[in-house]
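Enquirer: Below is the file target_35.pdb, which contains PDB, C-alpha atoms, pLDDT in the B column.
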ATOM      1  CA  PHE A   1      95.054  97.756  98.559  1.00 61.00           C
ATOM      2  CA  ASP A   2      92.232  95.291  99.263  1.00 64.00           C
ATOM      3  CA  LYS A   3      93.545  92.789  96.706  1.00 66.00           C
ATOM      4  CA  PHE A   4      97.013  92.771  98.322  1.00 69.00           C
ATOM      5  CA  THR A   5      95.914  92.517 101.949  1.00 72.00           C
ATOM      6  CA  HIS A   6      96.311  88.797 102.533  1.00 74.00           C
ATOM      7  CA  ASN A   7      99.831  88.574 101.079  1.00 81.00           C
ATOM      8  CA  TYR A   8     100.951  92.180 101.517  1.00 80.00           C
ATOM      9  CA  ARG A   9     103.906  91.393 103.794  1.00 85.00           C
ATOM     10  CA  ALA A  10     105.121  88.520 101.614  1.00 88.00           C
ATOM     11  CA  ILE A  11     105.081  90.791  98.552  1.00 85.00           C
ATOM     12  CA  HIS A  12     106.787  93.566 100.484  1.00 90.00           C
ATOM     13  CA  ASN A  13     109.513  91.256 101.819  1.00 87.00           C
ATOM     14  CA  LYS A  14     110.231  89.977  98.309  1.00 90.00           C
ATOM     15  CA  ASN A  15     110.362  93.539  96.980  1.00 91.00           C
ATOM     16  CA  LEU A  16     112.773  94.629  99.732  1.00 92.00           C
ATOM     17  CA  LYS A  17     115.192  91.715  99.227  1.00 91.00           C
ATOM     18  CA  LEU A  18     117.722  94.076  97.639  1.00 89.00           C
ATOM     19  CA  THR A  19     118.090  95.973 100.929  1.00 94.00           C
ATOM     20  CA  GLY A  20     118.614  92.883 103.083  1.00 93.00           C
ATOM     21  CA  TYR A  21     115.921  94.099 105.479  1.00 92.00           C
ATOM     22  CA  SER A  22     112.379  92.887 106.109  1.00 94.00           C
ATOM     23  CA  SER A  23     109.093  94.719 105.914  1.00 94.00           C
ATOM     24  CA  SER A  24     108.851  94.464 109.689  1.00 95.00           C
ATOM     25  CA  TYR A  25     112.247  96.141 110.095  1.00 95.00           C
ATOM     26  CA  PHE A  26     111.156  99.188 108.101  1.00 96.00           C
ATOM     27  CA  ALA A  27     107.900  99.432 110.051  1.00 97.00           C
ATOM     28  CA  GLU A  28     109.644  99.334 113.424  1.00 97.00           C
ATOM     29  CA  ARG A  29     112.332 101.778 112.295  1.00 96.00           C
ATOM     30  CA  LYS A  30     109.656 104.414 111.737  1.00 98.00           C
ATOM     31  CA  ILE A  31     108.326 103.981 115.261  1.00 98.00           C
ATOM     32  CA  LEU A  32     111.856 104.080 116.650  1.00 97.00           C
ATOM     33  CA  GLU A  33     112.417 107.433 114.934  1.00 97.00           C
ATOM     34  CA  ILE A  34     109.216 108.755 116.491  1.00 98.00           C
ATOM     35  CA  SER A  35     110.118 107.351 119.901  1.00 97.00           C
ATOM     36  CA  ASN A  36     113.514 109.047 119.811  1.00 95.00           C
ATOM     37  CA  GLN A  37     111.767 112.423 119.632  1.00 94.00           C
ATOM     38  CA  ILE A  38     109.194 111.840 122.362  1.00 96.00           C
ATOM     39  CA  ASN A  39     110.576 112.210 125.873  1.00 90.00           C
ATOM     40  CA  LYS A  40     107.775 110.802 128.020  1.00 93.00           C
ATOM     41  CA  LYS A  41     106.909 107.472 126.419  1.00 94.00           C
ATOM     42  CA  ASN A  42     104.604 106.215 129.186  1.00 95.00           C
ATOM     43  CA  GLU A  43     102.063 109.034 128.906  1.00 96.00           C
ATOM     44  CA  PRO A  44      98.484 108.152 127.817  1.00 97.00           C
ATOM     45  CA  TYR A  45      98.918 109.800 124.415  1.00 98.00           C
ATOM     46  CA  HIS A  46      96.294 109.606 121.711  1.00 98.00           C
ATOM     47  CA  ILE A  47      98.095 108.487 118.564  1.00 98.00           C
ATOM     48  CA  LEU A  48      96.661 108.259 115.047  1.00 98.00           C
ATOM     49  CA  ASP A  49      98.197 105.981 112.412  1.00 98.00           C
ATOM     50  CA  LEU A  50      96.639 107.406 109.239  1.00 98.00           C
ATOM     51  CA  GLY A  51      96.854 104.886 106.421  1.00 96.00           C
ATOM     52  CA  CYS A  52      97.474 102.115 108.943  1.00 97.00           C
ATOM     53  CA  GLY A  53      97.204  99.198 106.503  1.00 94.00           C
ATOM     54  CA  ASP A  54      97.355  95.837 108.251  1.00 95.00           C
ATOM     55  CA  GLY A  55      98.275  97.363 111.602  1.00 96.00           C
ATOM     56  CA  LEU A  56     101.961  96.435 111.814  1.00 97.00           C
ATOM     57  CA  CYS A  57     103.060  99.982 112.688  1.00 97.00           C
ATOM     58  CA  ALA A  58     100.309 100.140 115.310  1.00 98.00           C
ATOM     59  CA  PHE A  59     101.732  96.964 116.839  1.00 97.00           C
ATOM     60  CA  PHE A  60     105.115  98.660 117.238  1.00 98.00           C
ATOM     61  CA  LEU A  61     103.503 101.889 118.449  1.00 98.00           C
ATOM     62  CA  HIS A  62     101.923  99.909 121.260  1.00 97.00           C
ATOM     63  CA  ASN A  63     105.314  98.409 122.159  1.00 97.00           C
ATOM     64  CA  TYR A  64     107.075 101.779 122.289  1.00 97.00           C
ATOM     65  CA  PHE A  65     104.172 103.723 123.842  1.00 98.00           C
ATOM     66  CA  PRO A  66     102.504 101.130 126.103  1.00 96.00           C
ATOM     67  CA  ASN A  67     100.005 103.504 127.722  1.00 97.00           C
ATOM     68  CA  ALA A  68      98.908 105.249 124.536  1.00 98.00           C
ATOM     69  CA  TYR A  69      95.496 104.993 122.912  1.00 98.00           C
ATOM     70  CA  ILE A  70      96.140 104.140 119.287  1.00 98.00           C
ATOM     71  CA  HIS A  71      93.733 104.734 116.433  1.00 98.00           C
ATOM     72  CA  GLY A  72      94.287 103.292 112.962  1.00 98.00           C
ATOM     73  CA  LEU A  73      92.471 104.598 109.875  1.00 98.00           C
ATOM     74  CA  ASP A  74      92.619 103.283 106.335  1.00 96.00           C
ATOM     75  CA  ILE A  75      90.473 103.350 103.182  1.00 95.00           C
ATOM     76  CA  SER A  76      90.944  99.592 102.718  1.00 94.00           C
ATOM     77  CA  ASN A  77      88.278  97.568 104.525  1.00 94.00           C
ATOM     78  CA  GLU A  78      90.254  94.357 103.985  1.00 93.00           C
ATOM     79  CA  SER A  79      93.329  95.903 105.592  1.00 94.00           C
ATOM     80  CA  ILE A  80      91.306  97.086 108.585  1.00 96.00           C
ATOM     81  CA  GLN A  81      89.931  93.569 109.098  1.00 95.00           C
ATOM     82  CA  LYS A  82      93.475  92.218 108.980  1.00 94.00           C
ATOM     83  CA  ALA A  83      94.636  94.846 111.487  1.00 96.00           C
ATOM     84  CA  GLN A  84      91.789  94.014 113.866  1.00 96.00           C
ATOM     85  CA  GLN A  85      92.965  90.410 113.960  1.00 95.00           C
ATOM     86  CA  ARG A  86      96.130  91.565 115.725  1.00 96.00           C
ATOM     87  CA  LYS A  87      94.013  92.338 118.816  1.00 96.00           C
ATOM     88  CA  ILE A  88      96.330  95.074 120.061  1.00 97.00           C
ATOM     89  CA  SER A  89      95.245  96.461 123.418  1.00 96.00           C
ATOM     90  CA  ARG A  90      94.213 100.135 123.629  1.00 97.00           C
ATOM     91  CA  THR A  91      93.958 100.160 119.831  1.00 98.00           C
ATOM     92  CA  ARG A  92      91.017 100.734 117.500  1.00 97.00           C
ATOM     93  CA  PHE A  93      91.021 100.315 113.722  1.00 98.00           C
ATOM     94  CA  SER A  94      88.430 101.871 111.413  1.00 97.00           C
ATOM     95  CA  ALA A  95      87.862 102.392 107.704  1.00 96.00           C
ATOM     96  CA  TYR A  96      87.145 105.891 106.369  1.00 95.00           C
ATOM     97  CA  ASP A  97      86.521 107.623 103.055  1.00 92.00           C
ATOM     98  CA  GLY A  98      90.047 109.036 102.614  1.00 89.00           C
ATOM     99  CA  LYS A  99      88.854 112.639 102.816  1.00 86.00           C
ATOM    100  CA  GLN A 100      87.551 114.094 106.067  1.00 90.00           C
ATOM    101  CA  ILE A 101      89.149 112.433 109.084  1.00 95.00           C
ATOM    102  CA  PRO A 102      86.306 111.420 111.442  1.00 95.00           C
ATOM    103  CA  TYR A 103      87.672 112.947 114.645  1.00 97.00           C
ATOM    104  CA  ASP A 104      87.092 116.215 116.482  1.00 97.00           C
ATOM    105  CA  ASP A 105      89.509 119.147 116.456  1.00 97.00           C
ATOM    106  CA  GLU A 106      92.625 118.661 118.615  1.00 97.00           C
ATOM    107  CA  SER A 107      92.028 114.952 119.291  1.00 98.00           C
ATOM    108  CA  PHE A 108      95.591 113.618 118.987  1.00 98.00           C
ATOM    109  CA  ASN A 109      99.033 114.194 120.493  1.00 98.00           C
ATOM    110  CA  ILE A 110     100.834 112.315 117.712  1.00 98.00           C
ATOM    111  CA  ILE A 111      99.850 111.543 114.113  1.00 98.00           C
ATOM    112  CA  MET A 112     101.807 109.330 111.742  1.00 98.00           C
ATOM    113  CA  LEU A 113     101.549 109.156 107.955  1.00 98.00           C
ATOM    114  CA  ALA A 114     103.817 106.334 106.808  1.00 97.00           C
ATOM    115  CA  ASN A 115     104.383 106.225 103.037  1.00 95.00           C
ATOM    116  CA  MET A 116     100.768 107.116 102.397  1.00 95.00           C
ATOM    117  CA  LEU A 117     100.740 110.472 100.613  1.00 97.00           C
ATOM    118  CA  HIS A 118     102.434 109.202  97.449  1.00 96.00           C
ATOM    119  CA  HIS A 119      99.247 107.178  96.824  1.00 94.00           C
ATOM    120  CA  VAL A 120      97.075 110.315  97.016  1.00 95.00           C
ATOM    121  CA  THR A 121      96.453 111.852  93.602  1.00 94.00           C
ATOM    122  CA  GLY A 122      97.063 115.580  93.218  1.00 95.00           C
ATOM    123  CA  THR A 123      98.716 118.270  95.334  1.00 97.00           C
ATOM    124  CA  ARG A 124      95.368 119.728  96.376  1.00 97.00           C
ATOM    125  CA  ASN A 125      94.222 116.411  97.851  1.00 96.00           C
ATOM    126  CA  GLN A 126      97.560 115.905  99.593  1.00 97.00           C
ATOM    127  CA  ILE A 127      97.348 119.353 101.196  1.00 97.00           C
ATOM    128  CA  SER A 128      93.755 118.642 102.197  1.00 97.00           C
ATOM    129  CA  ILE A 129      94.886 115.573 104.163  1.00 97.00           C
ATOM    130  CA  LEU A 130      97.698 117.527 105.819  1.00 98.00           C
ATOM    131  CA  SER A 131      95.251 120.291 106.746  1.00 97.00           C
ATOM    132  CA  GLU A 132      92.957 117.700 108.279  1.00 97.00           C
ATOM    133  CA  CYS A 133      95.907 116.447 110.313  1.00 98.00           C
ATOM    134  CA  TYR A 134      96.554 119.988 111.481  1.00 98.00           C
ATOM    135  CA  ARG A 135      92.912 120.319 112.540  1.00 97.00           C
ATOM    136  CA  ILE A 136      92.812 117.156 114.643  1.00 98.00           C
ATOM    137  CA  LEU A 137      96.277 117.569 116.180  1.00 98.00           C
ATOM    138  CA  LYS A 138      96.513 119.069 119.647  1.00 97.00           C
ATOM    139  CA  LYS A 139      98.457 122.296 120.142  1.00 95.00           C
ATOM    140  CA  ASN A 140     102.170 121.472 120.355  1.00 93.00           C
ATOM    141  CA  GLY A 141     101.361 117.996 119.060  1.00 96.00           C
ATOM    142  CA  ARG A 142     103.506 116.335 116.412  1.00 97.00           C
ATOM    143  CA  LEU A 143     102.839 114.981 112.963  1.00 98.00           C
ATOM    144  CA  PHE A 144     105.384 112.546 111.494  1.00 98.00           C
ATOM    145  CA  VAL A 145     105.307 112.162 107.709  1.00 98.00           C
ATOM    146  CA  PHE A 146     107.451 109.387 106.193  1.00 98.00           C
ATOM    147  CA  GLU A 147     107.989 109.206 102.443  1.00 98.00           C
ATOM    148  CA  HIS A 148     110.219 107.529  99.870  1.00 97.00           C
ATOM    149  CA  ASN A 149     113.045 109.700  98.574  1.00 98.00           C
ATOM    150  CA  PRO A 150     112.813 110.072  94.756  1.00 97.00           C
ATOM    151  CA  PHE A 151     116.460 111.223  94.670  1.00 97.00           C
ATOM    152  CA  ASN A 152     117.628 107.759  95.773  1.00 96.00           C
ATOM    153  CA  PRO A 153     118.017 105.371  92.784  1.00 95.00           C
ATOM    154  CA  ILE A 154     117.612 102.206  94.873  1.00 94.00           C
ATOM    155  CA  THR A 155     114.338 103.493  96.294  1.00 95.00           C
ATOM    156  CA  CYS A 156     113.100 104.358  92.815  1.00 94.00           C
ATOM    157  CA  HIS A 157     113.991 100.859  91.596  1.00 93.00           C
ATOM    158  CA  ILE A 158     112.143  99.218  94.501  1.00 94.00           C
ATOM    159  CA  VAL A 159     109.044 101.381  94.055  1.00 94.00           C
ATOM    160  CA  LYS A 160     108.987 100.821  90.280  1.00 93.00           C
ATOM    161  CA  ASN A 161     108.942  97.043  90.783  1.00 92.00           C
ATOM    162  CA  CYS A 162     106.480  96.936  93.670  1.00 90.00           C
ATOM    163  CA  PRO A 163     102.995  95.694  92.648  1.00 86.00           C
ATOM    164  CA  PHE A 164     101.102  97.891  95.110  1.00 85.00           C
ATOM    165  CA  ASP A 165     103.109 101.009  94.218  1.00 88.00           C
ATOM    166  CA  LYS A 166     102.018 101.082  90.578  1.00 85.00           C
ATOM    167  CA  ASP A 167     100.013 104.262  91.193  1.00 85.00           C
ATOM    168  CA  ALA A 168     102.688 105.895  93.351  1.00 92.00           C
ATOM    169  CA  VAL A 169     103.977 109.358  92.443  1.00 95.00           C
ATOM    170  CA  LEU A 170     106.913 110.038  94.755  1.00 97.00           C
ATOM    171  CA  ILE A 171     107.078 113.404  96.507  1.00 98.00           C
ATOM    172  CA  ASN A 172     110.448 115.055  96.962  1.00 98.00           C
ATOM    173  CA  HIS A 173     111.271 116.643 100.299  1.00 98.00           C
ATOM    174  CA  TYR A 174     111.170 120.183  98.883  1.00 98.00           C
ATOM    175  CA  LYS A 175     107.569 119.841  97.766  1.00 98.00           C
ATOM    176  CA  MET A 176     106.623 118.082 100.991  1.00 98.00           C
ATOM    177  CA  ASN A 177     108.024 120.947 103.034  1.00 98.00           C
ATOM    178  CA  LYS A 178     106.002 123.486 101.040  1.00 98.00           C
ATOM    179  CA  MET A 179     102.787 121.525 101.528  1.00 98.00           C
ATOM    180  CA  LEU A 180     103.358 121.061 105.250  1.00 98.00           C
ATOM    181  CA  ARG A 181     104.092 124.740 105.776  1.00 97.00           C
ATOM    182  CA  TYR A 182     101.028 125.681 103.709  1.00 97.00           C
ATOM    183  CA  ALA A 183      98.973 123.505 106.077  1.00 97.00           C
ATOM    184  CA  GLY A 184     100.392 125.496 109.015  1.00 97.00           C
ATOM    185  CA  PHE A 185     103.135 123.265 110.417  1.00 97.00           C
ATOM    186  CA  VAL A 186     106.631 124.096 111.620  1.00 97.00           C
ATOM    187  CA  THR A 187     108.856 121.435 110.065  1.00 97.00           C
ATOM    188  CA  LYS A 188     112.162 119.623 110.319  1.00 97.00           C
ATOM    189  CA  CYS A 189     113.408 116.986 107.862  1.00 98.00           C
ATOM    190  CA  ARG A 190     115.661 113.962 108.408  1.00 97.00           C
ATOM    191  CA  PHE A 191     116.889 111.340 105.944  1.00 97.00           C
ATOM    192  CA  ILE A 192     117.153 107.649 106.864  1.00 96.00           C
ATOM    193  CA  HIS A 193     118.011 104.265 105.304  1.00 94.00           C
ATOM    194  CA  PHE A 194     121.367 104.990 103.708  1.00 93.00           C
ATOM    195  CA  LEU A 195     122.929 101.528 103.983  1.00 91.00           C
ATOM    196  CA  PRO A 196     121.924  97.931 103.142  1.00 90.00           C
ATOM    197  CA  ALA A 197     121.767  95.326 105.871  1.00 91.00           C
ATOM    198  CA  PHE A 198     125.241  93.891 105.254  1.00 88.00           C
ATOM    199  CA  LEU A 199     126.708  97.292 106.211  1.00 88.00           C
ATOM    200  CA  HIS A 200     124.664  97.650 109.404  1.00 85.00           C
ATOM    201  CA  LYS A 201     127.849  97.902 111.488  1.00 84.00           C
ATOM    202  CA  LEU A 202     128.402 101.312 109.875  1.00 84.00           C
ATOM    203  CA  GLU A 203     125.096 102.571 111.235  1.00 81.00           C
ATOM    204  CA  VAL A 204     126.882 105.414 113.023  1.00 84.00           C
ATOM    205  CA  LEU A 205     127.587 106.936 109.599  1.00 85.00           C
ATOM    206  CA  GLU A 206     123.856 107.071 108.901  1.00 84.00           C
ATOM    207  CA  LYS A 207     123.208 108.894 112.140  1.00 84.00           C
ATOM    208  CA  LEU A 208     125.773 111.506 111.129  1.00 91.00           C
ATOM    209  CA  SER A 209     124.311 111.841 107.628  1.00 92.00           C
ATOM    210  CA  TRP A 210     120.684 112.577 108.538  1.00 92.00           C
ATOM    211  CA  TRP A 211     120.875 115.905 106.683  1.00 93.00           C
ATOM    212  CA  ALA A 212     122.053 114.446 103.335  1.00 93.00           C
ATOM    213  CA  PRO A 213     119.195 114.118 100.769  1.00 94.00           C
ATOM    214  CA  ILE A 214     120.327 110.722  99.503  1.00 94.00           C
ATOM    215  CA  GLY A 215     118.774 108.393 102.076  1.00 95.00           C
ATOM    216  CA  GLY A 216     116.226 105.861 100.892  1.00 96.00           C
ATOM    217  CA  GLN A 217     113.482 107.635 102.820  1.00 97.00           C
ATOM    218  CA  TYR A 218     112.948 110.923 104.591  1.00 98.00           C
ATOM    219  CA  TYR A 219     110.577 112.076 107.253  1.00 98.00           C
ATOM    220  CA  TYR A 220     109.310 115.363 108.570  1.00 98.00           C
ATOM    221  CA  THR A 221     108.667 116.109 112.197  1.00 98.00           C
ATOM    222  CA  CYS A 222     105.895 118.701 112.138  1.00 98.00           C
ATOM    223  CA  ILE A 223     104.767 120.743 115.111  1.00 97.00           C
ATOM    224  CA  LYS A 224     101.465 122.526 115.531  1.00 93.00           C
ATOM    225  CA  GLU A 225     102.627 125.522 117.502  1.00 85.00           C
ATOM    226  CA  ASN A 226     100.475 127.125 120.149  1.00 69.00           C
ATOM    227  CA  ASN A 227      99.733 130.468 118.507  1.00 60.00           C
TER     228      ASN A 227
END
Let me see the structure of the file written as structure tokens.
Expert:
Amino acid sequence: FDKFTHNYRAIHNKNLKLTGYSSSYFAERKILEISNQINKKNEPYHILDLGCGDGLCAFFLHNYFPNAYIHGLDISNESIQKAQQRKISRTRFSAYDGKQIPYDDESFNIIMLANMLHHVTGTRNQISILSECYRILKKNGRLFVFEHNPFNPITCHIVKNCPFDKDAVLINHYKMNKMLRYAGFVTKCRFIHFLPAFLHKLEVLEKLSWWAPIGGQYYYTCIKENN
């Protein structure tokens, strides 16, 4: 992603033109979904944004969880430098090797993986990352995994024509569930992004259709139960 860092958002906005929404909208929507499932938003949570890119999601995390300590990790040094320029308070960005996450066991209350796993080659490597998330998540903590839905034709069209998704192999929600459960998580899936922007007034229909596997994206809420 280093070669896309400086114009990543411009490329993304152009690629998303079909939806009528901006790159920023999709980033904030993810944080809104997380926020809706966390009751006490002013707690000093430790939150990890794994695959943080240029730090836009971390920016929204800070807005929705103002007292949290946010950590952003990414394999792209250029992206980390871009994220650091945002100067978000209570936030630290670091590059890592993409394998072992450099934090102690049970370090985080919340972990987010936003459209990252489809860039990881091979099921074994994907499970390894999820197992690392399980290791560093506190008991009763939550992992949120967002991914593109390969059963949605519009999503597939957008991904196919996106320059930085050339290596992407989309993961369907069935396979994702198996991998998450193998890593030890208790899971629940929701589908989002059913409608383009010009139909935003029908948003209530999307909220009622969260169970239907035709949304543009899906996400899993994953709990590390206290055994």
Enquirer: Set the distance at 10 Å and use all atoms listed in the file: which residues neighbour A:Gly51 once local chain neighbours fewer than 2 positions away are removed? I'd like the list as a list in words.
Expert: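 My reading of the contact set: Leu48, Asp49, Gly53, Asp54, Gly55, Gly72, Leu73, Asp74, Ile75, Ser76, Ser79, Ile80, Ala95, Tyr96, Gly98, Met112, Leu113, Ala114, Asn115, Met116 and Leu117 of chain A.
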Enquirer: Can you list what the PyMOL selection byres ((chain A and resi 45-47) around 10) grabs from this structure, as a ChimeraX atom specification?
Expert: /A:40-44,48-50,58,61-62,65-72,90-91,107-112,137-138,142-143
Enquirer: Please report the interatomic distance between atom CA of A:Gln85 and atom CA of A:His118 in Å with one decimal.
Expert: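 That distance, rounded to one decimal, is 26.7 Å.
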Enquirer: Give the answer as one residue: which of A:Ser128, A:Asn161, A:Asn172, A:Gln81 has the shortest atom-to-atom distance to A:Lys17, using all atoms listed in the file?
Expert: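 Using all atoms listed in the file, A:Lys17 sits closest to A:Asn161.
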Enquirer: Rounded to one decimal in Å, what is the spacing between atom CA of A:Ile129 and atom CA of A:Asp165?
Expert: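 If I compute the distance from atom CA of A:Ile129 to atom CA of A:Asp165, I get 19.5 Å.
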Enquirer: Could you state which residues are captured by the PyMOL selection byres ((chain A and resi 186) around 7) in this file, as a ChimeraX atom specification?
Expert: /A:181,184-185,187,222-224
Enquirer: Taking (104.3, 110.5, 95.0) as a centre in this file's frame and 10 Å as the limit, can you find every polymer residue with an atom that close, using all atoms listed in the file, and give them as a list in words?
Expert: Asn115, Met116, Leu117, His118, His119, Val120, Thr121, Gly122, Thr123, Gln126, Glu147, His148, Asn149, Pro150, Asp165, Asp167, Ala168, Val169, Leu170, Ile171, Asn172 and Met176 of chain A
Enquirer: Restore all heavy atoms in stretch 66-75 of chain A and list the result as a PDB file, keeping the file's coordinate frame.
Expert:
ATOM      1  N   PRO A  66     103.414 102.138 125.548  1.00 96.00           N
ATOM      2  CA  PRO A  66     102.504 101.130 126.103  1.00 96.00           C
ATOM      3  C   PRO A  66     101.225 101.671 126.721  1.00 96.00           C
ATOM      4  O   PRO A  66     100.240 100.928 126.842  1.00 96.00           O
ATOM      5  CB  PRO A  66     103.378 100.439 127.163  1.00 96.00           C
ATOM      6  CG  PRO A  66     104.445 101.444 127.504  1.00 96.00           C
ATOM      7  CD  PRO A  66     104.722 102.166 126.236  1.00 96.00           C
ATOM      8  N   ASN A  67     101.203 102.943 127.107  1.00 97.00           N
ATOM      9  CA  ASN A  67     100.005 103.504 127.722  1.00 97.00           C
ATOM     10  C   ASN A  67      99.200 104.389 126.772  1.00 97.00           C
ATOM     11  O   ASN A  67      98.233 105.031 127.178  1.00 97.00           O
ATOM     12  CB  ASN A  67     100.382 104.313 128.968  1.00 97.00           C
ATOM     13  CG  ASN A  67     100.964 103.431 130.056  1.00 97.00           C
ATOM     14  OD1 ASN A  67     100.496 102.316 130.274  1.00 97.00           O
ATOM     15  ND2 ASN A  67     102.000 103.914 130.733  1.00 97.00           N
ATOM     16  N   ALA A  68      99.592 104.408 125.515  1.00 98.00           N
ATOM     17  CA  ALA A  68      98.908 105.249 124.536  1.00 98.00           C
ATOM     18  C   ALA A  68      97.608 104.589 124.055  1.00 98.00           C
ATOM     19  O   ALA A  68      97.436 103.368 124.119  1.00 98.00           O
ATOM     20  CB  ALA A  68      99.820 105.504 123.344  1.00 98.00           C
ATOM     21  N   TYR A  69      96.701 105.439 123.594  1.00 98.00           N
ATOM     22  CA  TYR A  69      95.496 104.993 122.912  1.00 98.00           C
ATOM     23  C   TYR A  69      95.740 105.190 121.421  1.00 98.00           C
ATOM     24  O   TYR A  69      95.943 106.313 120.960  1.00 98.00           O
ATOM     25  CB  TYR A  69      94.280 105.793 123.374  1.00 98.00           C
ATOM     26  CG  TYR A  69      93.974 105.607 124.841  1.00 98.00           C
ATOM     27  CD1 TYR A  69      94.529 106.460 125.792  1.00 98.00           C
ATOM     28  CD2 TYR A  69      93.157 104.564 125.277  1.00 98.00           C
ATOM     29  CE1 TYR A  69      94.265 106.289 127.149  1.00 98.00           C
ATOM     30  CE2 TYR A  69      92.882 104.391 126.633  1.00 98.00           C
ATOM     31  CZ  TYR A  69      93.445 105.257 127.564  1.00 98.00           C
ATOM     32  OH  TYR A  69      93.188 105.082 128.894  1.00 98.00           O
ATOM     33  N   ILE A  70      95.747 104.097 120.691  1.00 98.00           N
ATOM     34  CA  ILE A  70      96.140 104.140 119.287  1.00 98.00           C
ATOM     35  C   ILE A  70      94.926 103.947 118.393  1.00 98.00           C
ATOM     36  O   ILE A  70      94.105 103.051 118.619  1.00 98.00           O
ATOM     37  CB  ILE A  70      97.195 103.052 118.994  1.00 98.00           C
ATOM     38  CG1 ILE A  70      98.433 103.273 119.874  1.00 98.00           C
ATOM     39  CG2 ILE A  70      97.592 103.060 117.516  1.00 98.00           C
ATOM     40  CD1 ILE A  70      99.374 102.095 119.922  1.00 98.00           C
ATOM     41  N   HIS A  71      94.821 104.804 117.397  1.00 98.00           N
ATOM     42  CA  HIS A  71      93.733 104.734 116.433  1.00 98.00           C
ATOM     43  C   HIS A  71      94.346 104.508 115.053  1.00 98.00           C
ATOM     44  O   HIS A  71      95.288 105.200 114.663  1.00 98.00           O
ATOM     45  CB  HIS A  71      92.925 106.029 116.427  1.00 98.00           C
ATOM     46  CG  HIS A  71      92.413 106.434 117.768  1.00 98.00           C
ATOM     47  ND1 HIS A  71      91.075 106.416 118.108  1.00 98.00           N
ATOM     48  CD2 HIS A  71      93.064 106.878 118.876  1.00 98.00           C
ATOM     49  CE1 HIS A  71      90.928 106.818 119.359  1.00 98.00           C
ATOM     50  NE2 HIS A  71      92.122 107.106 119.847  1.00 98.00           N
ATOM     51  N   GLY A  72      93.817 103.549 114.315  1.00 98.00           N
ATOM     52  CA  GLY A  72      94.287 103.292 112.962  1.00 98.00           C
ATOM     53  C   GLY A  72      93.175 103.533 111.957  1.00 98.00           C
ATOM     54  O   GLY A  72      92.069 103.005 112.120  1.00 98.00           O
ATOM     55  N   LEU A  73      93.451 104.316 110.935  1.00 98.00           N
ATOM     56  CA  LEU A  73      92.471 104.598 109.875  1.00 98.00           C
ATOM     57  C   LEU A  73      93.047 104.184 108.530  1.00 98.00           C
ATOM     58  O   LEU A  73      94.235 104.404 108.256  1.00 98.00           O
ATOM     59  CB  LEU A  73      92.130 106.093 109.819  1.00 98.00           C
ATOM     60  CG  LEU A  73      91.183 106.687 110.846  1.00 98.00           C
ATOM     61  CD1 LEU A  73      90.970 108.163 110.542  1.00 98.00           C
ATOM     62  CD2 LEU A  73      89.841 105.969 110.857  1.00 98.00           C
ATOM     63  N   ASP A  74      92.192 103.635 107.682  1.00 96.00           N
ATOM     64  CA  ASP A  74      92.619 103.283 106.335  1.00 96.00           C
ATOM     65  C   ASP A  74      91.389 103.223 105.432  1.00 96.00           C
ATOM     66  O   ASP A  74      90.267 102.981 105.906  1.00 96.00           O
ATOM     67  CB  ASP A  74      93.335 101.927 106.330  1.00 96.00           C
ATOM     68  CG  ASP A  74      94.268 101.780 105.140  1.00 96.00           C
ATOM     69  OD1 ASP A  74      93.769 101.528 104.013  1.00 96.00           O
ATOM     70  OD2 ASP A  74      95.482 101.927 105.319  1.00 96.00           O
ATOM     71  N   ILE A  75      91.594 103.432 104.130  1.00 95.00           N
ATOM     72  CA  ILE A  75      90.473 103.350 103.182  1.00 95.00           C
ATOM     73  C   ILE A  75      90.195 101.904 102.775  1.00 95.00           C
ATOM     74  O   ILE A  75      89.158 101.629 102.175  1.00 95.00           O
ATOM     75  CB  ILE A  75      90.738 104.206 101.927  1.00 95.00           C
ATOM     76  CG1 ILE A  75      91.969 103.710 101.176  1.00 95.00           C
ATOM     77  CG2 ILE A  75      90.882 105.671 102.296  1.00 95.00           C
ATOM     78  CD1 ILE A  75      92.166 104.376  99.831  1.00 95.00           C
TER      79      ILE A  75
END
